[in-house]
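A.B. asks: Here you go, this is work-v1.txt (compact mmCIF, N, CA and C atoms).
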```txt
# COMPACT_ATOMS: atom_id res chain seq x y z
N GLU A 1 5.12 5.16 -24.93
CA GLU A 1 4.13 6.15 -25.24
C GLU A 1 2.73 5.60 -24.95
N ARG A 2 2.45 4.36 -25.40
CA ARG A 2 1.13 3.78 -25.13
C ARG A 2 0.93 3.52 -23.65
N SER A 3 1.99 2.99 -23.00
CA SER A 3 1.85 2.74 -21.57
C SER A 3 1.71 4.05 -20.82
N MET A 4 2.30 5.12 -21.32
CA MET A 4 2.15 6.43 -20.70
C MET A 4 0.70 6.88 -20.78
N MET A 5 0.05 6.63 -21.93
CA MET A 5 -1.35 7.00 -22.07
C MET A 5 -2.20 6.21 -21.10
N LYS A 6 -1.94 4.92 -20.96
CA LYS A 6 -2.68 4.08 -20.03
C LYS A 6 -2.43 4.56 -18.60
N ARG A 7 -1.18 4.91 -18.31
CA ARG A 7 -0.80 5.39 -16.99
C ARG A 7 -1.59 6.65 -16.66
N MET A 8 -1.68 7.57 -17.61
CA MET A 8 -2.42 8.80 -17.35
C MET A 8 -3.89 8.50 -17.14
N MET A 9 -4.43 7.55 -17.88
CA MET A 9 -5.83 7.18 -17.73
C MET A 9 -6.08 6.62 -16.34
N CYS A 10 -5.22 5.70 -15.89
CA CYS A 10 -5.40 5.08 -14.57
C CYS A 10 -5.13 6.07 -13.44
N SER A 11 -4.05 6.84 -13.55
CA SER A 11 -3.70 7.74 -12.46
C SER A 11 -4.61 8.95 -12.41
N GLY A 12 -5.33 9.23 -13.51
CA GLY A 12 -6.23 10.37 -13.55
C GLY A 12 -7.58 10.08 -12.95
N VAL A 13 -7.80 8.88 -12.47
CA VAL A 13 -9.09 8.52 -11.92
C VAL A 13 -9.28 9.21 -10.58
N ALA A 14 -10.38 9.91 -10.43
CA ALA A 14 -10.67 10.60 -9.18
C ALA A 14 -11.37 9.62 -8.23
N ILE A 15 -11.00 9.66 -6.98
CA ILE A 15 -11.63 8.81 -5.98
C ILE A 15 -12.75 9.61 -5.32
N ALA A 16 -13.96 9.14 -5.49
CA ALA A 16 -15.11 9.85 -4.95
C ALA A 16 -15.29 9.53 -3.48
N THR A 17 -15.56 10.54 -2.68
CA THR A 17 -15.87 10.32 -1.27
C THR A 17 -17.22 10.95 -0.99
N GLY A 18 -18.17 10.10 -0.63
CA GLY A 18 -19.50 10.60 -0.34
C GLY A 18 -19.55 11.22 1.05
N ILE A 19 -20.35 12.26 1.19
CA ILE A 19 -20.50 12.92 2.48
C ILE A 19 -21.98 13.04 2.77
N LEU A 20 -22.33 12.72 3.96
CA LEU A 20 -23.70 12.78 4.41
C LEU A 20 -23.80 13.90 5.43
N LEU A 21 -24.70 14.82 5.20
CA LEU A 21 -24.88 15.90 6.17
C LEU A 21 -25.86 15.44 7.23
N VAL A 22 -25.44 15.55 8.46
CA VAL A 22 -26.27 15.13 9.57
C VAL A 22 -26.57 16.36 10.42
N ALA A 23 -27.83 16.64 10.63
CA ALA A 23 -28.21 17.80 11.44
C ALA A 23 -28.40 17.36 12.88
N SER A 24 -27.84 18.11 13.77
CA SER A 24 -27.97 17.82 15.19
C SER A 24 -29.27 18.44 15.71
N ALA A 25 -30.11 17.62 16.31
CA ALA A 25 -31.40 18.10 16.80
C ALA A 25 -31.24 19.05 17.97
N THR A 26 -30.19 18.90 18.76
CA THR A 26 -30.03 19.73 19.94
C THR A 26 -29.39 21.08 19.62
N THR A 27 -28.45 21.13 18.66
CA THR A 27 -27.76 22.39 18.38
C THR A 27 -28.24 23.05 17.10
N GLY A 28 -28.88 22.28 16.21
CA GLY A 28 -29.33 22.82 14.94
C GLY A 28 -28.18 23.09 13.97
N VAL A 29 -27.00 22.53 14.25
CA VAL A 29 -25.82 22.73 13.41
C VAL A 29 -25.66 21.54 12.49
N ALA A 30 -25.34 21.80 11.21
CA ALA A 30 -25.07 20.72 10.25
C ALA A 30 -23.61 20.29 10.41
N VAL A 31 -23.40 18.98 10.49
CA VAL A 31 -22.06 18.44 10.67
C VAL A 31 -21.80 17.46 9.52
N ALA A 32 -20.62 17.57 8.89
CA ALA A 32 -20.26 16.64 7.82
C ALA A 32 -19.72 15.36 8.44
N LYS A 33 -20.25 14.24 8.02
CA LYS A 33 -19.81 12.95 8.53
C LYS A 33 -19.57 12.03 7.33
N PRO A 34 -18.42 11.34 7.28
CA PRO A 34 -18.19 10.42 6.16
C PRO A 34 -19.25 9.33 6.12
N ASP A 35 -19.62 8.88 4.91
CA ASP A 35 -20.63 7.84 4.80
C ASP A 35 -20.04 6.44 5.00
N LYS A 36 -18.72 6.36 5.16
CA LYS A 36 -18.04 5.09 5.45
C LYS A 36 -17.02 5.36 6.56
N PRO A 37 -16.58 4.31 7.27
CA PRO A 37 -15.52 4.52 8.25
C PRO A 37 -14.31 5.19 7.59
N GLU A 38 -13.57 5.95 8.36
CA GLU A 38 -12.47 6.75 7.83
C GLU A 38 -11.49 5.99 6.96
N HIS A 39 -11.20 4.74 7.30
CA HIS A 39 -10.20 3.98 6.54
C HIS A 39 -10.81 2.87 5.70
N ALA A 40 -12.10 2.97 5.41
CA ALA A 40 -12.76 1.97 4.56
C ALA A 40 -12.29 2.15 3.12
N ALA A 41 -12.39 1.10 2.34
CA ALA A 41 -12.03 1.17 0.92
C ALA A 41 -13.00 2.12 0.22
N GLN A 42 -12.46 2.94 -0.64
CA GLN A 42 -13.25 3.88 -1.44
C GLN A 42 -13.32 3.35 -2.87
N THR A 43 -14.48 3.41 -3.48
CA THR A 43 -14.65 2.93 -4.84
C THR A 43 -15.03 4.06 -5.77
N SER A 44 -14.75 3.87 -7.04
CA SER A 44 -15.11 4.84 -8.06
C SER A 44 -15.38 4.08 -9.36
N ASP A 45 -16.34 4.56 -10.13
CA ASP A 45 -16.71 3.94 -11.40
C ASP A 45 -16.84 5.02 -12.46
N GLY A 46 -16.65 4.62 -13.71
CA GLY A 46 -16.84 5.58 -14.79
C GLY A 46 -16.76 4.91 -16.14
N LYS A 47 -16.78 5.75 -17.16
CA LYS A 47 -16.71 5.26 -18.54
C LYS A 47 -15.59 5.96 -19.27
N GLY A 48 -15.01 5.23 -20.23
CA GLY A 48 -13.96 5.77 -21.08
C GLY A 48 -12.61 5.20 -20.72
N CYS A 49 -12.01 4.44 -21.65
CA CYS A 49 -10.67 3.92 -21.42
C CYS A 49 -10.04 3.53 -22.76
N LEU A 50 -8.77 3.22 -22.69
CA LEU A 50 -8.06 2.76 -23.87
C LEU A 50 -8.20 1.25 -24.01
N VAL A 51 -8.38 0.79 -25.24
CA VAL A 51 -8.48 -0.65 -25.52
C VAL A 51 -7.41 -1.00 -26.55
N ARG A 52 -6.81 -2.16 -26.39
CA ARG A 52 -5.71 -2.60 -27.27
C ARG A 52 -6.23 -3.55 -28.34
N ASP A 53 -5.94 -3.24 -29.60
CA ASP A 53 -6.40 -4.11 -30.69
C ASP A 53 -5.44 -5.26 -30.93
N GLY A 54 -5.76 -6.10 -31.90
CA GLY A 54 -4.96 -7.29 -32.21
C GLY A 54 -3.57 -6.98 -32.73
N ALA A 55 -3.35 -5.74 -33.21
CA ALA A 55 -2.04 -5.33 -33.72
C ALA A 55 -1.23 -4.58 -32.66
N GLY A 56 -1.81 -4.39 -31.49
CA GLY A 56 -1.10 -3.70 -30.41
C GLY A 56 -1.34 -2.21 -30.32
N ALA A 57 -2.19 -1.66 -31.19
CA ALA A 57 -2.50 -0.22 -31.14
C ALA A 57 -3.62 0.02 -30.13
N TYR A 58 -3.62 1.20 -29.52
CA TYR A 58 -4.66 1.57 -28.56
C TYR A 58 -5.67 2.50 -29.20
N HIS A 59 -6.94 2.30 -28.80
CA HIS A 59 -8.05 3.12 -29.27
C HIS A 59 -8.84 3.54 -28.04
N PHE A 60 -9.44 4.72 -28.08
CA PHE A 60 -10.29 5.17 -26.98
C PHE A 60 -11.69 4.62 -27.17
N ASP A 61 -12.22 3.97 -26.14
CA ASP A 61 -13.59 3.46 -26.14
C ASP A 61 -14.37 4.24 -25.09
N ALA A 62 -15.24 5.14 -25.55
CA ALA A 62 -16.01 5.99 -24.63
C ALA A 62 -17.00 5.19 -23.79
N GLU A 63 -17.40 4.00 -24.26
CA GLU A 63 -18.36 3.17 -23.53
C GLU A 63 -17.70 2.15 -22.61
N CYS A 64 -16.38 2.06 -22.64
CA CYS A 64 -15.65 1.15 -21.75
C CYS A 64 -15.96 1.53 -20.30
N GLU A 65 -16.27 0.55 -19.47
CA GLU A 65 -16.59 0.82 -18.07
C GLU A 65 -15.40 0.43 -17.19
N TRP A 66 -14.99 1.34 -16.27
CA TRP A 66 -13.89 1.07 -15.36
C TRP A 66 -14.36 1.18 -13.92
N HIS A 67 -13.58 0.55 -13.04
CA HIS A 67 -13.89 0.52 -11.60
C HIS A 67 -12.58 0.53 -10.82
N THR A 68 -12.50 1.34 -9.79
CA THR A 68 -11.32 1.35 -8.92
C THR A 68 -11.73 1.13 -7.47
N VAL A 69 -10.80 0.58 -6.71
CA VAL A 69 -10.93 0.44 -5.26
C VAL A 69 -9.61 0.90 -4.66
N VAL A 70 -9.68 1.81 -3.68
CA VAL A 70 -8.48 2.30 -2.99
C VAL A 70 -8.72 2.21 -1.50
N LYS A 71 -7.78 1.60 -0.80
CA LYS A 71 -7.84 1.53 0.67
C LYS A 71 -6.56 2.14 1.22
N ARG A 72 -6.71 3.05 2.18
CA ARG A 72 -5.56 3.73 2.80
C ARG A 72 -5.49 3.38 4.29
N ASP A 73 -4.29 3.50 4.85
CA ASP A 73 -4.13 3.25 6.28
C ASP A 73 -4.37 4.55 7.05
N LYS A 74 -4.18 4.51 8.37
CA LYS A 74 -4.46 5.69 9.21
C LYS A 74 -3.54 6.88 8.88
N ASN A 75 -2.41 6.62 8.23
CA ASN A 75 -1.50 7.70 7.82
C ASN A 75 -1.75 8.14 6.38
N ASN A 76 -2.84 7.66 5.79
CA ASN A 76 -3.26 8.00 4.43
C ASN A 76 -2.40 7.37 3.34
N ALA A 77 -1.56 6.40 3.70
CA ALA A 77 -0.74 5.70 2.70
C ALA A 77 -1.61 4.62 2.04
N ILE A 78 -1.47 4.47 0.73
CA ILE A 78 -2.26 3.47 0.02
C ILE A 78 -1.80 2.07 0.41
N GLN A 79 -2.75 1.27 0.88
CA GLN A 79 -2.50 -0.11 1.26
C GLN A 79 -2.94 -1.08 0.16
N PHE A 80 -3.96 -0.68 -0.60
CA PHE A 80 -4.51 -1.52 -1.66
C PHE A 80 -5.07 -0.64 -2.75
N PHE A 81 -4.82 -1.02 -4.01
CA PHE A 81 -5.36 -0.33 -5.17
C PHE A 81 -5.73 -1.38 -6.20
N SER A 82 -6.91 -1.25 -6.79
CA SER A 82 -7.35 -2.16 -7.84
C SER A 82 -8.03 -1.34 -8.93
N TYR A 83 -7.69 -1.65 -10.19
CA TYR A 83 -8.31 -1.02 -11.35
C TYR A 83 -8.75 -2.13 -12.30
N GLN A 84 -9.97 -2.04 -12.81
CA GLN A 84 -10.47 -3.00 -13.80
C GLN A 84 -11.29 -2.25 -14.83
N ASP A 85 -11.20 -2.69 -16.09
CA ASP A 85 -12.06 -2.12 -17.11
C ASP A 85 -12.50 -3.19 -18.09
N LYS A 86 -13.60 -2.90 -18.80
CA LYS A 86 -14.14 -3.79 -19.84
C LYS A 86 -14.66 -2.93 -20.95
N GLY A 87 -14.16 -3.21 -22.18
CA GLY A 87 -14.59 -2.42 -23.32
C GLY A 87 -14.61 -3.24 -24.58
N SER A 88 -14.71 -2.56 -25.71
CA SER A 88 -14.79 -3.21 -27.02
C SER A 88 -13.94 -2.45 -28.02
N LEU A 89 -13.42 -3.17 -28.98
CA LEU A 89 -12.67 -2.54 -30.06
C LEU A 89 -13.63 -1.79 -30.99
N PRO A 90 -13.17 -0.69 -31.57
CA PRO A 90 -14.01 0.02 -32.53
C PRO A 90 -14.12 -0.77 -33.83
N ALA A 91 -15.15 -0.49 -34.60
CA ALA A 91 -15.33 -1.14 -35.91
C ALA A 91 -14.09 -0.92 -36.75
N GLY A 92 -13.63 -1.96 -37.40
CA GLY A 92 -12.48 -1.87 -38.29
C GLY A 92 -11.13 -2.09 -37.63
N ALA A 93 -11.09 -2.10 -36.29
CA ALA A 93 -9.82 -2.33 -35.59
C ALA A 93 -9.45 -3.81 -35.74
N PRO A 94 -8.17 -4.13 -35.91
CA PRO A 94 -7.77 -5.54 -36.04
C PRO A 94 -8.07 -6.33 -34.78
N LYS A 95 -8.64 -7.50 -34.96
CA LYS A 95 -8.96 -8.39 -33.84
C LYS A 95 -7.97 -9.56 -33.89
N PRO A 96 -7.57 -10.05 -32.73
CA PRO A 96 -6.65 -11.20 -32.71
C PRO A 96 -7.39 -12.47 -33.14
N SER A 97 -6.66 -13.44 -33.68
CA SER A 97 -7.27 -14.70 -34.10
C SER A 97 -7.56 -15.61 -32.91
N SER A 98 -6.85 -15.38 -31.80
CA SER A 98 -7.14 -16.07 -30.53
C SER A 98 -6.94 -15.04 -29.42
N ALA A 99 -7.40 -15.36 -28.21
CA ALA A 99 -7.29 -14.40 -27.11
C ALA A 99 -5.85 -13.92 -26.97
N SER A 100 -5.69 -12.62 -26.91
CA SER A 100 -4.37 -12.00 -26.79
C SER A 100 -4.21 -11.46 -25.37
N ASN A 101 -3.18 -11.93 -24.67
CA ASN A 101 -2.89 -11.46 -23.32
C ASN A 101 -1.61 -10.63 -23.37
N ASN A 102 -1.64 -9.50 -22.70
CA ASN A 102 -0.53 -8.57 -22.72
C ASN A 102 -0.34 -8.00 -21.31
N SER A 103 0.88 -7.64 -20.98
CA SER A 103 1.16 -6.99 -19.70
C SER A 103 1.92 -5.71 -19.99
N VAL A 104 1.41 -4.59 -19.48
CA VAL A 104 2.02 -3.29 -19.69
C VAL A 104 2.65 -2.83 -18.38
N VAL A 105 3.90 -2.44 -18.40
CA VAL A 105 4.58 -1.96 -17.20
C VAL A 105 3.91 -0.68 -16.72
N TRP A 106 3.65 -0.62 -15.42
CA TRP A 106 3.07 0.58 -14.81
C TRP A 106 3.56 0.65 -13.37
N PRO A 107 4.16 1.77 -12.96
CA PRO A 107 4.74 1.87 -11.62
C PRO A 107 3.77 1.56 -10.48
N GLY A 108 2.48 1.85 -10.65
CA GLY A 108 1.51 1.61 -9.58
C GLY A 108 1.11 0.16 -9.43
N CYS A 109 1.49 -0.68 -10.39
CA CYS A 109 1.12 -2.10 -10.36
C CYS A 109 2.38 -2.94 -10.52
N PRO A 110 2.85 -3.54 -9.45
CA PRO A 110 4.10 -4.31 -9.51
C PRO A 110 4.13 -5.37 -10.60
N ASP A 111 2.99 -5.99 -10.90
CA ASP A 111 2.94 -7.02 -11.94
C ASP A 111 2.50 -6.45 -13.28
N GLY A 112 2.36 -5.15 -13.38
CA GLY A 112 1.92 -4.51 -14.61
C GLY A 112 0.41 -4.57 -14.79
N ILE A 113 -0.07 -3.89 -15.80
CA ILE A 113 -1.49 -3.94 -16.15
C ILE A 113 -1.69 -5.15 -17.05
N LYS A 114 -2.58 -6.04 -16.66
CA LYS A 114 -2.88 -7.24 -17.45
C LYS A 114 -4.01 -6.92 -18.41
N GLU A 115 -3.77 -7.15 -19.71
CA GLU A 115 -4.77 -6.86 -20.74
C GLU A 115 -5.14 -8.14 -21.49
N THR A 116 -6.42 -8.25 -21.86
CA THR A 116 -6.89 -9.35 -22.70
C THR A 116 -7.79 -8.78 -23.78
N THR A 117 -7.52 -9.19 -25.03
CA THR A 117 -8.37 -8.84 -26.17
C THR A 117 -8.79 -10.16 -26.82
N THR A 118 -10.09 -10.30 -27.07
CA THR A 118 -10.60 -11.56 -27.64
C THR A 118 -10.90 -11.42 -29.13
N PRO A 119 -11.03 -12.54 -29.83
CA PRO A 119 -11.36 -12.50 -31.26
C PRO A 119 -12.69 -11.79 -31.55
N SER A 120 -13.59 -11.74 -30.58
CA SER A 120 -14.88 -11.06 -30.78
C SER A 120 -14.74 -9.54 -30.63
N GLY A 121 -13.55 -9.08 -30.19
CA GLY A 121 -13.32 -7.64 -30.04
C GLY A 121 -13.54 -7.13 -28.62
N GLN A 122 -13.78 -8.04 -27.68
CA GLN A 122 -13.94 -7.63 -26.28
C GLN A 122 -12.55 -7.40 -25.67
N TYR A 123 -12.46 -6.41 -24.78
CA TYR A 123 -11.19 -6.04 -24.15
C TYR A 123 -11.42 -5.90 -22.66
N SER A 124 -10.42 -6.29 -21.87
CA SER A 124 -10.45 -6.05 -20.43
C SER A 124 -9.02 -5.85 -19.94
N SER A 125 -8.90 -5.09 -18.87
CA SER A 125 -7.59 -4.94 -18.24
C SER A 125 -7.78 -4.83 -16.73
N SER A 126 -6.71 -5.13 -16.00
CA SER A 126 -6.76 -5.04 -14.54
C SER A 126 -5.37 -4.76 -13.99
N CYS A 127 -5.37 -4.18 -12.81
CA CYS A 127 -4.14 -3.81 -12.13
C CYS A 127 -4.41 -3.92 -10.63
N ARG A 128 -3.46 -4.48 -9.88
CA ARG A 128 -3.60 -4.58 -8.42
C ARG A 128 -2.30 -4.19 -7.75
N TYR A 129 -2.45 -3.52 -6.63
CA TYR A 129 -1.31 -3.18 -5.79
C TYR A 129 -1.72 -3.46 -4.35
N GLY A 130 -0.86 -4.14 -3.60
CA GLY A 130 -1.08 -4.36 -2.17
C GLY A 130 -2.05 -5.48 -1.87
N GLN A 131 -2.41 -5.55 -0.61
CA GLN A 131 -3.30 -6.59 -0.10
C GLN A 131 -4.64 -5.98 0.26
N GLY A 132 -5.70 -6.52 -0.30
CA GLY A 132 -7.07 -6.07 0.05
C GLY A 132 -7.51 -6.70 1.34
N ASN A 133 -8.00 -5.91 2.26
CA ASN A 133 -8.47 -6.43 3.55
C ASN A 133 -9.94 -6.14 3.71
```
Give the structure from this file in structure tokens form.

C.D. replies:
Amino acid sequence: ERSMMKRMMCSGVAIATGILLVASATTGVAVAKPDKPEHAAQTSDGKGCLVRDGAGAYHFDAECEWHTVVKRDKNNAIQFFSYQDKGSLPAGAPKPSSASNNSVVWPGCPDGIKETTTPSGQYSSSCRYGQGN
């Protein structure tokens, strides 16, 4: 159930693609052109993620910052995916007495999502799939 919530959080991330409108001086027609090469890695950032406390329960941290990188090949197949977040436990949530490392199974990450919660209440997680080029 908890990993399902994390899965929905990670898989629900929208990949932003910037578009630059370029006007042609000769034809006066606006043409949409990608702001990066067609197969360049696309990044996305945002706030809000689940954080794991010292007892293993998850809490939503609206100030948690996340970042994704997705790179696709010419056939649009994902070649590389990376997700990282950094947040804090809410007041009153149990904190571990020493750094707690956890791995949550997630189909998009062969090695699972790696989580760390520190005694100060700081939380981070990461997930990688494929080779970044």

A.B. asks: List every residue of segment 76-110 of chain A that has an atom at most 8 Å from any atom of segment 65-70 of chain A, and for each one report the closest atom pair and its distance in Å to one decimal, counting only C-alpha atoms, with rows sorted by chain and then by increasing residue number, as JSON lines.

C.D. replies:
```
{"residue": "A:Ile78", "atom": "CA", "partner": "A:Val70", "partner_atom": "CA", "distance": 7.0}
{"residue": "A:Gln79", "atom": "CA", "partner": "A:Val70", "partner_atom": "CA", "distance": 7.7}
{"residue": "A:Phe80", "atom": "CA", "partner": "A:Val70", "partner_atom": "CA", "distance": 5.7}
{"residue": "A:Phe81", "atom": "CA", "partner": "A:Val70", "partner_atom": "CA", "distance": 4.6}
{"residue": "A:Ser82", "atom": "CA", "partner": "A:Val69", "partner_atom": "CA", "distance": 5.1}
{"residue": "A:Tyr83", "atom": "CA", "partner": "A:Thr68", "partner_atom": "CA", "distance": 4.5}
{"residue": "A:Gln84", "atom": "CA", "partner": "A:His67", "partner_atom": "CA", "distance": 5.4}
{"residue": "A:Asp85", "atom": "CA", "partner": "A:Trp66", "partner_atom": "CA", "distance": 4.1}
{"residue": "A:Lys86", "atom": "CA", "partner": "A:Glu65", "partner_atom": "CA", "distance": 5.5}
{"residue": "A:Gly87", "atom": "CA", "partner": "A:Glu65", "partner_atom": "CA", "distance": 6.5}
```

A.B. asks: Please return, as a VMD selection string, all polymer residues that have at least one atom within 8 Å of the point (-10.0, -17.6, -30.2); use only N, CA and C atoms and the file's own coordinate frame.

C.D. replies: chain A and resid 96 to 100 118 to 120

A.B. asks: Counting only C-alpha atoms, which of A:Gly108, A:Gly48, A:Gln42, A:Gly54 gets nearest to Gly92 of chain A?

C.D. replies: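 Of the candidates, the smallest distance to Gly92 of chain A is held by A:Gly54.
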
A.B. asks: Please identify which residues in segment 70-126 of chain A DSSP calls strand (DSSP E) from the backbone, and express them as a PyMOL selection string.

C.D. replies: chain A and resi 70-72+78-88+100-106+109-117+122-126

A.B. asks: Using only C-alpha atoms, can you tell me which of A:Asp73, A:Asp53, A:Tyr58, A:Gly46 comes closest to Asn101 of chain A?

C.D. replies: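 Looking at the shortest contact to Asn101 of chain A, the residue is A:Asp53.
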
A.B. asks: Would you list the residues near (-5.2, -0.9, -16.0) (no more than 10 Å away, in the coordinates of the file, using only C-alpha atoms) as number ranges by chain?

C.D. replies: A: 3, 6-7, 9-11, 49-50, 66-68, 82-85, 103-106, 108-109, 112-115, 124-128

A.B. asks: Please, what distance in Å, to one decimal, runs between atom CA of Ala62 of chain A and atom CA of Asn102 of chain A?

C.D. replies: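 One can read the atom CA of Ala62 of chain A to atom CA of Asn102 of chain A distance as 21.3 Å.
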
A.B. asks: Show me, as a PyMOL selection string, the residues that have an atom within 9 Å of Ala55 of chain A when counting only C-alpha atoms, minus same-chain residues fewer than 4 positions from it.

C.D. replies: chain A and resi 93-96

A.B. asks: Quote the spacing between atom C of Thr116 of chain A and atom C of Ala40 of chain A in Å to one decimal place.

C.D. replies: 29.4 Å

A.B. asks: What does the distance between atom CA of Ala57 of chain A and atom C of Pro107 of chain A come to in Å, to one decimal place?

C.D. replies: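 Result for atom CA of Ala57 of chain A versus atom C of Pro107 of chain A: 21.7 Å, one decimal.
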
A.B. asks: I'd like the box whose edges run along x, y and z of the file and which contains every listed atom of segment 80-97 of chain A, padded by 3 Å per side; could you state its centre and edge lengths in Å, one decimal, as lines of an AutoDock Vina configuration file?

C.D. replies:
```
center_x = -9.6
center_y = -7.8
center_z = -19.4
size_x = 17.4
size_y = 21.6
size_z = 43.7
```

A.B. asks: Measuring atom to atom with all atoms listed in the file, identify which of A:Ser44, A:Gln122, A:Thr117, A:Asn75 is nearest to Leu89 of chain A.

C.D. replies: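 Of all the options, A:Gln122 lies closest to Leu89 of chain A.
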